[in-house]
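As structure tokens, the structure follows; a few thoughts come after it.
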Amino acid sequence: MRMDVRAPIFPFHMTTPTAARSARPAPRVTQALVGDGWRATGRTFDVRDPWDGSLVAQVTDANEQDARDAADHAVAAFERWSRTSAWERSAILRRWFDAILTHEGELAELMAREMGKPVTEARGEVKYAAGFVEFYAEEAKRIHGETIPSQFAHKRLHTNLKPVGPVYAITPWNFPAAMVTRKVAPALAAGCTVILKPAEATPLSALRLAELWLAAGGPAGTLQVLPCLDPIPVSQVLIHDPRIRKLTFTGSTEVGMRLYAQGATTMKRLSLELGGHAPFIVCADADVDAAVTQVVASKFRNAGQTCVCANRIYVHADIHDAFVARFLLAVQGLRVGDPLDPATQIGPLVNGEALAKVEEHVADARSGGARVLAGGASPGGSSYAPTVLTGVRGGMKILEEETFGPVAPIMAYTDEAEVIRAANNVPVGLAAYVWTRDLGRAYRMAESLAYGIVGINDGVPATPQAPFGGVKNSGLGREGGHWGLHEFLDVQYVSTVIG
Ligand code: NAD
């Protein structure tokens, strides 16, 4: 089959002029939350809309003193919060869940403005974020130890599950609400208190979520938020404070590795949710139309800026051309544009640096002989057109680093063992996807893939009740489900001689 190699034209409408954007309601909260008070430090940093560069808000730039104060509050609040009943914590979490859903539209718009996620997709993230709060409101009541039989008639053995203590949580910009609740909800359910440092690009969603927590009855000091432009000074205070017992981080592998080493000095419990490089394998017997729909959903969600986005698409040679033809049609139908327009499917990349990385990866692939079948350029601003590449080969940057953009490299393969080897031949292991109608092959391939998450005929497997996390350089621990709760619990073993 001959490929259509015309450069597609993407609709690119400036639907919300800058004047109309700045006339939108100002974010309600822009100060740090320390204890139960909103605190200004005299210094602020700008949060800008990636669509047109307009100023969304000037946010308090928290400093080391704020971090020390927050640690004191977190320790004091832990004394009380850790002794509340699970029912009490559950009821407040449940009210928080309701409040988040009540403000779904407002939170989605805030997210669209601070990081460019299309508002319709952002509504989906708000629901997903609320889902963690709902799940852990329920799961709080199921924290229980065990009894263990003893070989001695005079002994009774049991375990208690105890909250680990005050927690320091660091979140990335690409899911400004869901990455917050995925950490904070299980921590609060377990009886921990949390100091949250959101990404510098997206402090507004985190602050508004914290305000809703207080409104839901969350006690002072249980959740505090320290927005800051430079993450290092505040983080150093909290990482080296021995009273903070847990560090939970979502972000890049590079930073995660650094924090892993730093956490050792105070023996922190650690959860690290880091980068990925997801293979998407379409077998010869796959339902091609379903696979195309799901690759599009996986690859182009959040303009390709997710840790579980398909990064390498391996298609069996027998169906390669048919797949590519249908994939191109689907990609050419995607609407790139203003994130505040409900019809937009692909918003701008988070900033110019993100755009430069995508451009570099595509230029590198092109210079190595890859063909650009769609996209391959920025239509303006920090947006990048959904791009399809074929003829991609080992050694190209796009196969070795996270592109974090809307670029789909497609490769043909012929042999199952060969494609598994290629899929596993990366230092990370977060999510992988397999498309097949053969149940035996599905099991075989899932078990052979060195990944924490495998989607079989499912391009969007993440859900609050299931474990999310990776192996190798993709991190440590799991978020979601009961696994996510146990990350915030210590096991205490009690042995009793009864006489
Ligand atoms: P990043 O590592 O640059 O930043 C993440 C967070 O760490 C931000 O809050 C940032 O301010 C903070 N940070 C950066 N340097 C720090 C330091 N030295 N000390 C303390 N804090 C520091 O990552 P990013 O660009 O915000 O996010 C994108 C990355 O996150 C990608 O690699 C993506 O795959 C990964 N990610 C992983 C998951 C997951 O669940 N595994 C989810 C979302 C994103």
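Starting from 1 in every chain, residues are counted up; chains themselves are A, B, ... following the order of the structure tokens, and ligands are numbered from 1 as listed.
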
Residues of range 94-166 of chain A classed as strand (DSSP E or B) by DSSP on the backbone are to be reported as a list in words.
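So, restricting range 94-166 of chain A to strand (DSSP E or B), we get Thr147, Ile148, Lys155, Arg156, Leu157, His158, Thr159, Asn160, Leu161, Lys162 and Pro163 of chain A.
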
Can you spit out the residues from that selection as a PDB file, in the first residue's frame, using C-alpha atoms?
```pdb
ATOM      1  CA  THR A 147      -3.264 -12.423  64.145  1.00  0.00           C
ATOM      2  CA  ILE A 148      -0.481 -14.962  63.702  1.00  0.00           C
ATOM      3  CA  LYS A 155       1.866 -16.595  73.429  1.00  0.00           C
ATOM      4  CA  ARG A 156      -0.400 -14.449  71.251  1.00  0.00           C
ATOM      5  CA  LEU A 157       1.038 -12.718  68.189  1.00  0.00           C
ATOM      6  CA  HIS A 158      -0.556  -9.915  66.217  1.00  0.00           C
ATOM      7  CA  THR A 159       0.247  -6.943  64.012  1.00  0.00           C
ATOM      8  CA  ASN A 160      -0.933  -3.340  64.061  1.00  0.00           C
ATOM      9  CA  LEU A 161      -0.804  -1.070  61.029  1.00  0.00           C
ATOM     10  CA  LYS A 162       0.317   2.416  62.017  1.00  0.00           C
ATOM     11  CA  PRO A 163       0.610   5.575  59.922  1.00  0.00           C
TER      12      PRO A 163
END
```

Using only C-alpha atoms and all ligand atoms, which residues have at least one atom no more than 9 Å from ligand 1? Output them as a ChimeraX atom specification.
/A:169-175,179,197-202,227-236,239,249-256,258-259,272-277,305-309,354,402,404,430,468-470,474-475,478-479

With range 48-52 of chain A as the partner and 8 Å as the cut-off, tabulate the residues of range 84-180 of chain A that qualify, each row holding the nearest pair of atoms and their distance in Å to one decimal, using only C-alpha atoms, sorted by chain and rising number, as a Markdown table.
```
| residue | atom | partner | partner_atom | distance |
| --- | --- | --- | --- | --- |
| A:Arg113 | CA | A:Asp49 | CA | 5.1 |
| A:Glu114 | CA | A:Asp49 | CA | 5.3 |
| A:Met115 | CA | A:Pro50 | CA | 6.1 |
| A:Gly116 | CA | A:Pro50 | CA | 5.8 |
```

Select, from A:Asn302, A:Asn424, A:Thr120, A:Ser82, the residue with the minimum atom-to-atom distance to Val194 in chain A, counting only C-alpha atoms.
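Going through A:Asn302, A:Asn424, A:Thr120, A:Ser82 one by one, the smallest distance to Val194 in chain A is for A:Ser82.
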
By how many Å are CA of Thr84 in chain A and CA of Ala140 in chain A apart?
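Between CA of Thr84 in chain A and CA of Ala140 in chain A the gap is 11.3 Å.
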
Which residues, written as a PDB file with C-alpha atoms, in the first residue's frame, have at least one atom at most 10 Å from Gly394 in chain A, with only C-alpha atoms counted and residues fewer than 5 positions away on the same chain left out?
```pdb
ATOM      1  CA  GLY A 368      18.516   9.181  10.676  1.00  0.00           C
ATOM      2  CA  LEU A 399      13.553   5.328  21.200  1.00  0.00           C
ATOM      3  CA  GLU A 400      15.810   6.088  24.132  1.00  0.00           C
ATOM      4  CA  ALA A 422      13.118  -4.830  21.956  1.00  0.00           C
TER       5      ALA A 422
END
```

Give me the residues near Pro27 in chain A as an MDAnalysis selection string, where near means some atom within 10 Å (using only C-alpha atoms) and where sequence neighbours in that chain fewer than 3 positions away do not count.
chainID A and resid 24 30 56:59 106:107 110 204:205 207:208

Can I get the selected residues back with C-alpha atoms, as a PDB file, in the first residue's frame?
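To be explicit, this is the file written out as part07.pdb:
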```pdb
ATOM      1  CA  ARG A  24     -11.787  35.062  33.502  1.00  0.00           C
ATOM      2  CA  THR A  30      -2.441  31.848  45.393  1.00  0.00           C
ATOM      3  CA  VAL A  56      -2.716  33.399  35.211  1.00  0.00           C
ATOM      4  CA  ALA A  57      -1.547  34.281  38.728  1.00  0.00           C
ATOM      5  CA  GLN A  58       1.324  35.391  40.891  1.00  0.00           C
ATOM      6  CA  VAL A  59       1.841  32.719  43.491  1.00  0.00           C
ATOM      7  CA  GLU A 106     -13.724  25.317  37.858  1.00  0.00           C
ATOM      8  CA  LEU A 107     -10.848  22.906  38.566  1.00  0.00           C
ATOM      9  CA  LEU A 110      -7.800  26.164  36.216  1.00  0.00           C
ATOM     10  CA  LEU A 204      -2.995  26.517  41.452  1.00  0.00           C
ATOM     11  CA  SER A 205      -4.838  23.191  41.174  1.00  0.00           C
ATOM     12  CA  LEU A 207      -3.859  25.043  46.297  1.00  0.00           C
ATOM     13  CA  ARG A 208      -7.519  24.927  45.317  1.00  0.00           C
TER      14      ARG A 208
END
```

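Of note, CA of Ala108 in chain A and CA of Ala122 in chain A are spaced 4.8 Å apart.
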
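The set of residues in range 22-69 of chain A assigned to helix (DSSP H, G or I) by DSSP, using only backbone atoms of this structure, is A:Ser22, A:Glu64, A:Gln65, A:Asp66, A:Ala67, A:Arg68, A:Asp69.
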
Residue among A:Val288, A:Val184, A:Val295, A:Ser367 lying closest to Leu247 in chain A, counting only C-alpha atoms:
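For Leu247 in chain A, the nearest of the candidates is A:Val184.
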
Nearest to Gln262 in chain A: which of A:Arg182, A:His240, A:Arg371, A:Lys117 is it, counting only C-alpha atoms?
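Closest to Gln262 in chain A, using only C-alpha atoms: A:His240.
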
Find the residue from A:Pro461, A:Gly405, A:Gly477, A:Gly145 that sits nearest to Gln294 in chain A; use only C-alpha atoms when measuring.
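Going through A:Pro461, A:Gly405, A:Gly477, A:Gly145 one by one, the smallest distance to Gln294 in chain A is for A:Pro461.
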